[in-house]
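A.B. asks: My structure file upload13.cif, mmCIF, C-alpha atoms, is below:
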```cif
data_upload
loop_
_atom_site.label_atom_id
_atom_site.label_comp_id
_atom_site.auth_asym_id
_atom_site.auth_seq_id
_atom_site.Cartn_x
_atom_site.Cartn_y
_atom_site.Cartn_z
CA MET A 1 104.35 98.14 124.20
CA LYS A 2 107.44 97.43 122.12
CA PHE A 3 106.93 95.70 118.78
CA ASP A 4 108.59 95.04 115.43
CA LEU A 5 106.42 93.88 112.55
CA HIS A 6 108.96 93.50 109.75
CA THR A 7 111.47 90.65 109.88
CA HIS A 8 112.81 88.12 107.38
CA HIS A 9 114.64 84.79 107.52
CA PHE A 10 116.47 82.27 105.34
CA ARG A 11 113.57 81.22 103.10
CA CYS A 12 113.69 84.44 101.05
CA GLY A 13 117.27 83.67 100.06
CA HIS A 14 118.80 86.99 101.10
CA ALA A 15 118.44 86.93 104.89
CA ASP A 16 120.32 85.02 107.57
CA GLY A 17 118.92 82.93 110.38
CA ASN A 18 115.74 80.99 111.03
CA ILE A 19 112.48 82.19 112.52
CA ARG A 20 113.41 81.10 116.03
CA ASP A 21 116.57 83.22 115.83
CA TYR A 22 114.47 86.33 115.18
CA ILE A 23 112.05 85.54 117.99
CA GLU A 24 114.90 85.05 120.44
CA ALA A 25 116.46 88.31 119.22
CA GLY A 26 113.12 90.00 119.82
CA ILE A 27 113.06 88.77 123.40
CA GLN A 28 116.61 90.03 123.91
CA ALA A 29 115.56 93.41 122.48
CA GLY A 30 112.72 93.67 124.99
CA LEU A 31 109.90 93.26 122.49
CA GLN A 32 106.44 92.21 123.63
CA VAL A 33 105.34 91.59 120.03
CA ILE A 34 107.29 90.36 117.02
CA GLY A 35 105.91 89.97 113.53
CA ILE A 36 107.43 87.41 111.20
CA SER A 37 106.96 88.75 107.69
CA ASP A 38 109.17 87.07 105.15
CA HIS A 39 108.83 87.79 101.43
CA SER A 40 105.88 86.01 99.87
CA PRO A 41 106.43 83.64 96.99
CA TYR A 42 106.52 85.13 93.50
CA LEU A 43 103.15 84.00 92.20
CA CYS A 44 103.42 85.51 88.71
CA SER A 45 105.29 82.54 87.27
CA GLU A 46 104.62 78.84 86.86
CA GLU A 47 108.00 78.11 88.42
CA ASP A 48 108.03 77.10 92.06
CA GLN A 49 110.79 79.58 92.86
CA ALA A 50 111.42 81.94 89.98
CA PHE A 51 113.70 84.24 92.00
CA PRO A 52 115.42 82.16 94.73
CA TYR A 53 117.41 85.12 96.11
CA ILE A 54 114.37 87.36 96.51
CA TYR A 55 111.28 85.28 97.33
CA MET A 56 110.53 82.03 99.09
CA ALA A 57 109.30 79.14 96.92
CA LYS A 58 105.58 78.63 96.47
CA SER A 59 106.01 75.19 97.98
CA GLN A 60 107.46 76.77 101.14
CA LEU A 61 104.51 79.01 101.97
CA ALA A 62 102.44 76.42 103.84
CA GLU A 63 105.44 75.20 105.85
CA TYR A 64 106.37 78.81 106.67
CA VAL A 65 102.87 79.47 108.01
CA GLN A 66 102.89 76.23 110.00
CA GLU A 67 106.28 76.98 111.54
CA VAL A 68 105.22 80.44 112.66
CA LEU A 69 101.98 79.09 114.15
CA GLU A 70 103.89 76.41 116.07
CA LEU A 71 106.36 78.97 117.41
CA LYS A 72 103.49 81.29 118.32
CA LYS A 73 102.19 78.56 120.65
CA GLU A 74 105.64 77.69 121.98
CA TYR A 75 106.48 81.27 122.93
CA GLU A 76 103.06 82.18 124.30
CA GLY A 77 103.49 84.13 127.52
CA ARG A 78 107.04 85.18 126.63
CA ILE A 79 106.45 87.15 123.43
CA ASP A 80 103.48 87.49 121.11
CA VAL A 81 104.53 86.02 117.76
CA LEU A 82 102.47 87.30 114.82
CA LEU A 83 102.10 85.70 111.41
CA GLY A 84 102.76 88.25 108.71
CA LEU A 85 104.03 88.38 105.16
CA GLU A 86 105.60 91.04 102.99
CA THR A 87 104.25 90.83 99.49
CA ASP A 88 104.93 92.87 96.38
CA TYR A 89 102.09 94.75 94.78
CA PHE A 90 101.62 93.83 91.13
CA PRO A 91 98.31 95.35 89.91
CA GLU A 92 97.85 92.81 87.14
CA TYR A 93 98.26 89.90 89.59
CA ALA A 94 96.54 91.41 92.62
CA GLU A 95 93.62 88.97 92.56
CA LEU A 96 95.95 85.99 92.30
CA TYR A 97 97.82 87.16 95.38
CA ARG A 98 94.59 88.00 97.20
CA SER A 99 93.01 84.59 96.63
CA THR A 100 96.20 82.64 97.36
CA LEU A 101 97.03 84.41 100.61
CA ALA A 102 93.42 84.39 101.84
CA LYS A 103 93.84 80.66 102.54
CA TYR A 104 96.13 81.36 105.49
CA PRO A 105 95.49 82.93 108.94
CA PHE A 106 97.74 85.95 108.63
CA ASP A 107 97.70 88.57 111.35
CA TYR A 108 98.64 91.21 108.77
CA LEU A 109 100.11 91.71 105.31
CA ILE A 110 102.73 94.29 104.35
CA GLY A 111 102.35 95.60 100.83
CA SER A 112 105.57 96.85 99.27
CA VAL A 113 106.39 98.25 95.85
CA HIS A 114 109.79 96.86 94.91
CA ASN A 115 109.57 97.23 91.13
CA THR A 116 108.31 99.83 88.69
CA GLU A 117 108.32 99.42 84.91
CA GLY A 118 109.87 95.99 85.45
CA VAL A 119 112.97 97.39 87.17
CA SER A 120 113.92 97.11 90.84
CA ILE A 121 113.52 100.33 92.81
CA PHE A 122 116.99 99.66 94.25
CA ASN A 123 118.67 99.52 90.84
CA LYS A 124 120.60 102.79 90.80
CA ASN A 125 121.43 102.36 87.10
CA ARG A 126 117.78 102.90 86.20
CA TRP A 127 118.35 106.64 86.67
CA ASN A 128 121.20 106.86 84.17
CA ASN A 129 120.59 109.24 81.27
CA LEU A 130 117.07 110.21 82.38
CA THR A 131 115.97 113.79 81.93
CA LYS A 132 114.50 115.79 84.81
CA ALA A 133 111.01 115.24 83.43
CA GLN A 134 111.59 111.50 83.09
CA LYS A 135 112.81 111.26 86.68
CA ILE A 136 109.68 113.05 87.87
CA ALA A 137 107.55 110.63 85.85
CA VAL A 138 109.30 107.63 87.43
CA LYS A 139 108.72 109.01 90.93
CA GLU A 140 105.09 109.83 90.20
CA GLY A 141 104.57 106.32 88.84
CA TYR A 142 106.06 104.85 92.02
CA TYR A 143 103.66 106.77 94.23
CA GLU A 144 100.72 105.91 92.00
CA LEU A 145 101.50 102.22 92.57
CA ILE A 146 101.71 102.84 96.32
CA ALA A 147 98.31 104.57 96.18
CA GLN A 148 96.88 101.65 94.20
CA SER A 149 98.22 99.20 96.77
CA ALA A 150 96.38 101.10 99.50
CA ARG A 151 93.16 101.10 97.46
CA SER A 152 93.43 97.35 96.84
CA GLY A 153 92.33 96.54 100.38
CA MET A 154 94.87 93.73 100.49
CA PHE A 155 97.22 95.21 103.07
CA GLN A 156 97.18 96.47 106.64
CA ILE A 157 100.62 98.06 106.29
CA LEU A 158 102.52 99.63 103.40
CA GLY A 159 106.25 98.98 103.47
CA HIS A 160 109.04 101.58 103.20
CA ILE A 161 107.16 104.13 101.09
CA ASP A 162 110.22 106.06 99.93
CA ALA A 163 112.63 103.15 99.61
CA MET A 164 113.34 104.15 96.02
CA LYS A 165 115.87 106.54 97.55
CA GLY A 166 117.74 103.56 99.04
CA ASN A 167 120.48 103.33 96.44
CA TYR A 168 119.76 106.70 94.83
CA PRO A 169 119.70 109.39 97.56
CA LEU A 170 118.90 112.11 94.98
CA PHE A 171 115.45 110.53 94.68
CA SER A 172 114.34 112.67 97.63
CA GLU A 173 115.15 115.83 95.66
CA ILE A 174 113.00 114.93 92.66
CA ALA A 175 109.98 117.25 92.74
CA ALA A 176 106.82 115.16 93.00
CA ASP A 177 105.08 116.58 96.05
CA GLU A 178 101.61 116.34 94.52
CA ALA A 179 102.05 112.62 93.85
CA ILE A 180 103.24 112.02 97.41
CA ASP A 181 100.39 114.04 98.91
CA SER A 182 97.84 112.25 96.74
CA ALA A 183 99.18 108.88 97.87
CA LEU A 184 99.13 109.90 101.53
CA LYS A 185 95.53 111.12 101.27
CA ILE A 186 94.47 107.80 99.75
CA ILE A 187 96.40 105.82 102.35
CA ALA A 188 94.62 107.75 105.10
CA GLU A 189 91.21 107.32 103.48
CA CYS A 190 91.79 103.57 103.16
CA GLY A 191 92.86 103.21 106.79
CA VAL A 192 96.19 101.61 105.95
CA ALA A 193 99.26 102.22 108.12
CA ILE A 194 102.73 103.07 106.86
CA GLU A 195 105.80 101.72 108.58
CA ILE A 196 108.81 103.57 109.85
CA ASN A 197 111.41 101.19 108.52
CA THR A 198 114.95 101.47 109.89
CA SER A 199 116.65 99.39 107.21
CA GLY A 200 117.52 102.45 105.13
CA LYS A 201 120.77 102.54 107.06
CA THR A 202 121.82 99.41 105.12
CA LYS A 203 121.52 101.27 101.78
CA LEU A 204 123.36 104.23 100.25
CA ALA A 205 120.75 106.71 101.45
CA GLY A 206 121.16 105.83 105.11
CA GLY A 207 118.52 106.79 107.67
CA TRP A 208 114.95 105.57 107.77
CA TYR A 209 112.04 105.13 105.39
CA PRO A 210 110.16 107.39 105.03
CA SER A 211 111.84 110.75 105.48
CA ASP A 212 110.80 113.18 108.21
CA ALA A 213 109.26 115.40 105.53
CA ILE A 214 106.93 112.60 104.44
CA LEU A 215 106.12 111.70 108.04
CA GLU A 216 105.15 115.31 108.75
CA ARG A 217 102.78 115.27 105.82
CA ALA A 218 101.48 111.83 106.80
CA LEU A 219 100.55 113.26 110.21
CA HIS A 220 98.80 116.17 108.49
CA TYR A 221 96.66 113.80 106.43
CA GLY A 222 95.90 111.47 109.35
CA VAL A 223 97.96 108.47 108.21
CA GLU A 224 98.61 105.89 110.91
CA VAL A 225 102.14 104.60 111.52
CA THR A 226 103.79 101.43 112.73
CA PHE A 227 107.34 100.15 113.22
CA GLY A 228 109.42 97.65 111.27
CA SER A 229 113.15 97.06 111.40
CA ASP A 230 113.05 95.06 108.14
CA ALA A 231 115.68 92.89 109.79
CA HIS A 232 117.51 90.46 107.51
CA ILE A 233 119.86 89.45 110.31
CA PRO A 234 118.65 88.70 113.86
CA SER A 235 120.80 91.39 115.46
CA ARG A 236 118.75 94.11 113.73
CA VAL A 237 115.42 93.14 115.35
CA GLY A 238 113.97 96.21 117.06
CA ASP A 239 116.81 98.33 115.68
CA GLU A 240 116.44 102.02 116.66
CA TRP A 241 112.91 101.52 118.03
CA GLU A 242 113.44 104.05 120.83
CA GLN A 243 114.88 106.65 118.45
CA VAL A 244 111.92 106.22 116.11
CA ARG A 245 109.43 106.63 118.95
CA THR A 246 111.20 109.80 120.11
CA ARG A 247 111.22 111.27 116.60
CA LEU A 248 107.55 110.48 116.05
CA ARG A 249 106.70 112.29 119.27
CA GLU A 250 108.74 115.29 118.12
CA ILE A 251 106.89 115.37 114.81
CA GLY A 252 103.58 115.29 116.68
CA PHE A 253 102.34 111.70 116.57
CA THR A 254 100.75 110.46 119.79
CA GLU A 255 100.15 106.80 118.91
CA TRP A 256 101.11 104.02 116.56
CA VAL A 257 99.54 100.71 115.65
CA TYR A 258 100.13 97.02 115.09
CA TYR A 259 97.83 94.29 113.80
CA LYS A 260 96.73 90.97 115.25
CA GLU A 261 94.22 88.71 113.52
CA MET A 262 93.80 91.50 110.95
CA LYS A 263 92.56 93.85 113.67
CA LYS A 264 94.26 97.12 114.53
CA LYS A 265 95.79 97.56 117.98
CA THR A 266 96.54 101.15 118.94
CA VAL A 267 99.47 101.84 121.24
CA PRO A 268 100.33 105.23 122.83
CA LEU A 269 103.77 106.54 121.90
#
```
Reformat the file's structure so that it appears as structure tokens.

C.D. replies:
Amino acid sequence: MKFDLHTHHFRCGHADGNIRDYIEAGIQAGLQVIGISDHSPYLCSEEDQAFPYIYMAKSQLAEYVQEVLELKKEYEGRIDVLLGLETDYFPEYAELYRSTLAKYPFDYLIGSVHNTEGVSIFNKNRWNNLTKAQKIAVKEGYYELIAQSARSGMFQILGHIDAMKGNYPLFSEIAADEAIDSALKIIAECGVAIEINTSGKTKLAGGWYPSDAILERALHYGVEVTFGSDAHIPSRVGDEWEQVRTRLREIGFTEWVYYKEMKKKTVPL
């Protein structure tokens, strides 16, 4: 069973192509299942589209859902199209997101931490002039938010859990093992999966999210895994799926999961 649960399209303002383009790319890549999971609207503002190059507009959410549902029917028997969404985790607005998104028949939700202390995790300038202790505190705060997102019960999948290294590769060398282990234990206890996300190759760090070291510890704690290309162009759908499966087997995983109608589907590796 070949699947990809993390794809975007034009509505978020920083991806190319429409939903049909990604579905067709999925068929070409030999997928049996493709999840459409564009960025949710930014609900923390009264504006319809506060950040047009990051999130879809609030007014686009219903049409997005309807389009995916229509394409799900159209492609039935050729590829299983799943309705997903990637949404940021903002603790102070968690209930707003929960109640808003509960109105729609999502197959799964991906929870991703993209900001800490009001700054993008991909902003490499945030590290300028920080002491060693301050860098550790930033990393620990990042993993505390990830742990909180698992505890929230809002998500089936947590997105790219070490993506803070994306534009700052030295992030991986910041000593915060206890914070990472604590987050992984909570993720396992909450029954939430983490994705192996191959979009790290598009950032300065290269490679995948998360690192092999984190995956080894995730296996130790019993964390379940899934796959997402995080494609922002159709040609990246399913990118490096075979390589990820091979590496997971080498690490010791024997299965991975995807979600349909909010229910876990387990697939042997």

A.B. asks: Pick the closest to Tyr221 (chain A) from A:Lys185, A:Lys2, A:Arg126, A:His9: which is it, counting only C-alpha atoms?

C.D. replies: A:Lys185

A.B. asks: Closest to Cys12 (chain A) among A:Val33, A:Gly26, A:Gln60, A:Ala213, using only C-alpha atoms?

C.D. replies: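 Ranked by minimum distance to Cys12 (chain A), first place goes to A:Gln60.
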
A.B. asks: Taking only C-alpha atoms into account, which of A:His14, A:His220, A:Lys139, A:Lys132 comes nearest Thr116 (chain A)?

C.D. replies: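 Ranked by minimum distance to Thr116 (chain A), first place goes to A:Lys139.
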
A.B. asks: Given the PyMOL selection byres ((chain A and resi 242) around 12) and the file above, list the residues it selects as a PDB file with C-alpha atoms, in the coordinates of the input.

C.D. replies:
```pdb
ATOM      1  CA  MET A   1     104.350  98.140 124.200  1.00  0.00           C
ATOM      2  CA  LYS A   2     107.440  97.430 122.120  1.00  0.00           C
ATOM      3  CA  PHE A   3     106.930  95.700 118.780  1.00  0.00           C
ATOM      4  CA  ASP A   4     108.590  95.040 115.430  1.00  0.00           C
ATOM      5  CA  ALA A  29     115.560  93.410 122.480  1.00  0.00           C
ATOM      6  CA  GLY A  30     112.720  93.670 124.990  1.00  0.00           C
ATOM      7  CA  LEU A  31     109.900  93.260 122.490  1.00  0.00           C
ATOM      8  CA  ILE A 196     108.810 103.570 109.850  1.00  0.00           C
ATOM      9  CA  THR A 198     114.950 101.470 109.890  1.00  0.00           C
ATOM     10  CA  PHE A 227     107.340 100.150 113.220  1.00  0.00           C
ATOM     11  CA  SER A 229     113.150  97.060 111.400  1.00  0.00           C
ATOM     12  CA  GLY A 238     113.970  96.210 117.060  1.00  0.00           C
ATOM     13  CA  ASP A 239     116.810  98.330 115.680  1.00  0.00           C
ATOM     14  CA  GLU A 240     116.440 102.020 116.660  1.00  0.00           C
ATOM     15  CA  TRP A 241     112.910 101.520 118.030  1.00  0.00           C
ATOM     16  CA  GLN A 243     114.880 106.650 118.450  1.00  0.00           C
ATOM     17  CA  VAL A 244     111.920 106.220 116.110  1.00  0.00           C
ATOM     18  CA  ARG A 245     109.430 106.630 118.950  1.00  0.00           C
ATOM     19  CA  THR A 246     111.200 109.800 120.110  1.00  0.00           C
ATOM     20  CA  ARG A 247     111.220 111.270 116.600  1.00  0.00           C
ATOM     21  CA  LEU A 248     107.550 110.480 116.050  1.00  0.00           C
ATOM     22  CA  ARG A 249     106.700 112.290 119.270  1.00  0.00           C
ATOM     23  CA  LEU A 269     103.770 106.540 121.900  1.00  0.00           C
TER      24      LEU A 269
END
```

A.B. asks: Rank nothing, just name the residue among A:Ile146, A:Leu130, A:Leu184, A:Met154 nearest to Arg98 (chain A), using all atoms listed in the file.

C.D. replies: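 Checking each candidate against Arg98 (chain A), we get A:Met154 as the closest.
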
A.B. asks: What does the distance from CA of Glu92 (chain A) to CA of Arg151 (chain A) come to in Å, to one decimal?

C.D. replies: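 According to the coordinates, CA of Glu92 (chain A) and CA of Arg151 (chain A) are separated by 14.0 Å.
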
A.B. asks: For the file shown, what are the residues hit by the PyMOL selection byres ((chain A and resi 110) around 8), laid out as number ranges by chain?

C.D. replies: A: 37, 84-87, 108-109, 111-112, 155-159

A.B. asks: Starting from 3 Å padding per side, set up an axis-aligned box that covers all listed atoms of region 72-84 of chain A and hand over centre and edge lengths in Å, one decimal, as JSON.

C.D. replies:
```
{"center_x": 104.6, "center_y": 83.0, "center_z": 118.1, "size_x": 10.9, "size_y": 16.6, "size_z": 24.8}
```

A.B. asks: For the atom pair CA of Gly13 (chain A) and CA of Ala57 (chain A), what is the interatomic distance in Å to one decimal place?

C.D. replies: 9.7 Å

A.B. asks: Any idea what's packed within 12 Å of Glu144 (chain A), counting all atoms listed in the file, ignoring anything in its chain fewer than 2 positions away? Could you give it as a list in words?

C.D. replies: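 With the cut-off at 12 Å, the set is Tyr89, Pro91, Val113, Thr116, Ala137, Val138, Lys139, Glu140, Gly141, Tyr142, Ile146, Ala147, Gln148, Ser149, Ala150, Arg151, Ile161, Ala176, Glu178, Ala179, Ile180, Asp181, Ser182, Ala183, Leu184, Lys185, Ile186 and Ile187 of chain A.
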
A.B. asks: For Gln66 (chain A), which residue out of A:Ala50, A:Ile174, A:Ile79, A:Phe106 is the nearest one, using all atoms listed in the file?

C.D. replies: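 Using all atoms listed in the file, the shortest distance to Gln66 (chain A) belongs to A:Phe106.
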
A.B. asks: Near Met164 (chain A), counting all atoms listed in the file, which residues have an atom at most 9 Å away, once you skip same-chain residues fewer than 4 positions from it, shown as a PyMOL selection string?

C.D. replies: chain A and resi 114+120-123+139+142+160+168-169+171-172

A.B. asks: Output requested as a compact mmCIF listing (two decimals), keeping the file's coordinate frame - region 174-185 of chain A, filled out with all heavy atoms.

C.D. replies:
```
# COMPACT_ATOMS: atom_id res chain seq x y z
N ILE A 174 113.82 114.87 93.87
CA ILE A 174 113.00 114.93 92.66
C ILE A 174 111.63 115.50 93.04
O ILE A 174 110.96 114.98 93.95
CB ILE A 174 112.84 113.53 92.03
CG1 ILE A 174 114.21 112.99 91.60
CG2 ILE A 174 111.90 113.59 90.83
CD1 ILE A 174 114.18 111.54 91.16
N ALA A 175 111.22 116.54 92.37
CA ALA A 175 109.98 117.25 92.74
C ALA A 175 108.75 116.46 92.31
O ALA A 175 108.45 116.37 91.11
CB ALA A 175 109.98 118.63 92.10
N ALA A 176 108.07 115.89 93.28
CA ALA A 176 106.82 115.16 93.00
C ALA A 176 105.90 115.23 94.21
O ALA A 176 105.26 114.26 94.58
CB ALA A 176 107.14 113.70 92.65
N ASP A 177 105.84 116.42 94.81
CA ASP A 177 105.08 116.58 96.05
C ASP A 177 103.60 116.25 95.87
O ASP A 177 102.97 115.67 96.76
CB ASP A 177 105.22 118.00 96.58
CG ASP A 177 106.60 118.26 97.17
OD1 ASP A 177 107.38 117.30 97.28
OD2 ASP A 177 106.90 119.43 97.51
N GLU A 178 103.03 116.61 94.73
CA GLU A 178 101.61 116.34 94.52
C GLU A 178 101.34 114.85 94.51
O GLU A 178 100.32 114.39 95.04
CB GLU A 178 101.15 116.99 93.21
CG GLU A 178 101.06 118.50 93.27
CD GLU A 178 100.46 119.09 92.01
OE1 GLU A 178 99.89 118.32 91.20
OE2 GLU A 178 100.54 120.32 91.84
N ALA A 179 102.23 114.08 93.91
CA ALA A 179 102.05 112.62 93.85
C ALA A 179 102.14 112.01 95.24
O ALA A 179 101.38 111.11 95.60
CB ALA A 179 103.09 112.00 92.93
N ILE A 180 103.09 112.51 96.05
CA ILE A 180 103.24 112.02 97.41
C ILE A 180 102.01 112.37 98.24
O ILE A 180 101.45 111.52 98.96
CB ILE A 180 104.52 112.58 98.06
CG1 ILE A 180 105.76 112.08 97.32
CG2 ILE A 180 104.58 112.18 99.54
CD1 ILE A 180 107.05 112.75 97.76
N ASP A 181 101.57 113.62 98.15
CA ASP A 181 100.39 114.04 98.91
C ASP A 181 99.15 113.25 98.50
O ASP A 181 98.34 112.86 99.35
CB ASP A 181 100.14 115.53 98.71
CG ASP A 181 101.10 116.40 99.51
OD1 ASP A 181 101.79 115.86 100.39
OD2 ASP A 181 101.17 117.62 99.25
N SER A 182 98.99 113.03 97.22
CA SER A 182 97.84 112.25 96.74
C SER A 182 97.87 110.84 97.32
O SER A 182 96.84 110.32 97.77
CB SER A 182 97.85 112.20 95.21
OG SER A 182 96.80 111.39 94.73
N ALA A 183 99.05 110.22 97.31
CA ALA A 183 99.18 108.88 97.87
C ALA A 183 98.86 108.86 99.36
O ALA A 183 98.15 107.98 99.85
CB ALA A 183 100.58 108.34 97.61
N LEU A 184 99.37 109.85 100.08
CA LEU A 184 99.13 109.90 101.53
C LEU A 184 97.65 110.10 101.84
O LEU A 184 97.12 109.48 102.77
CB LEU A 184 99.96 111.02 102.16
CG LEU A 184 101.47 110.79 102.21
CD1 LEU A 184 102.19 112.05 102.67
CD2 LEU A 184 101.82 109.62 103.12
N LYS A 185 96.96 110.93 101.06
CA LYS A 185 95.53 111.12 101.27
C LYS A 185 94.78 109.81 101.07
O LYS A 185 93.89 109.46 101.85
CB LYS A 185 95.00 112.17 100.29
CG LYS A 185 95.44 113.58 100.58
CD LYS A 185 94.92 114.53 99.49
CE LYS A 185 95.47 115.93 99.64
NZ LYS A 185 95.01 116.82 98.54
```
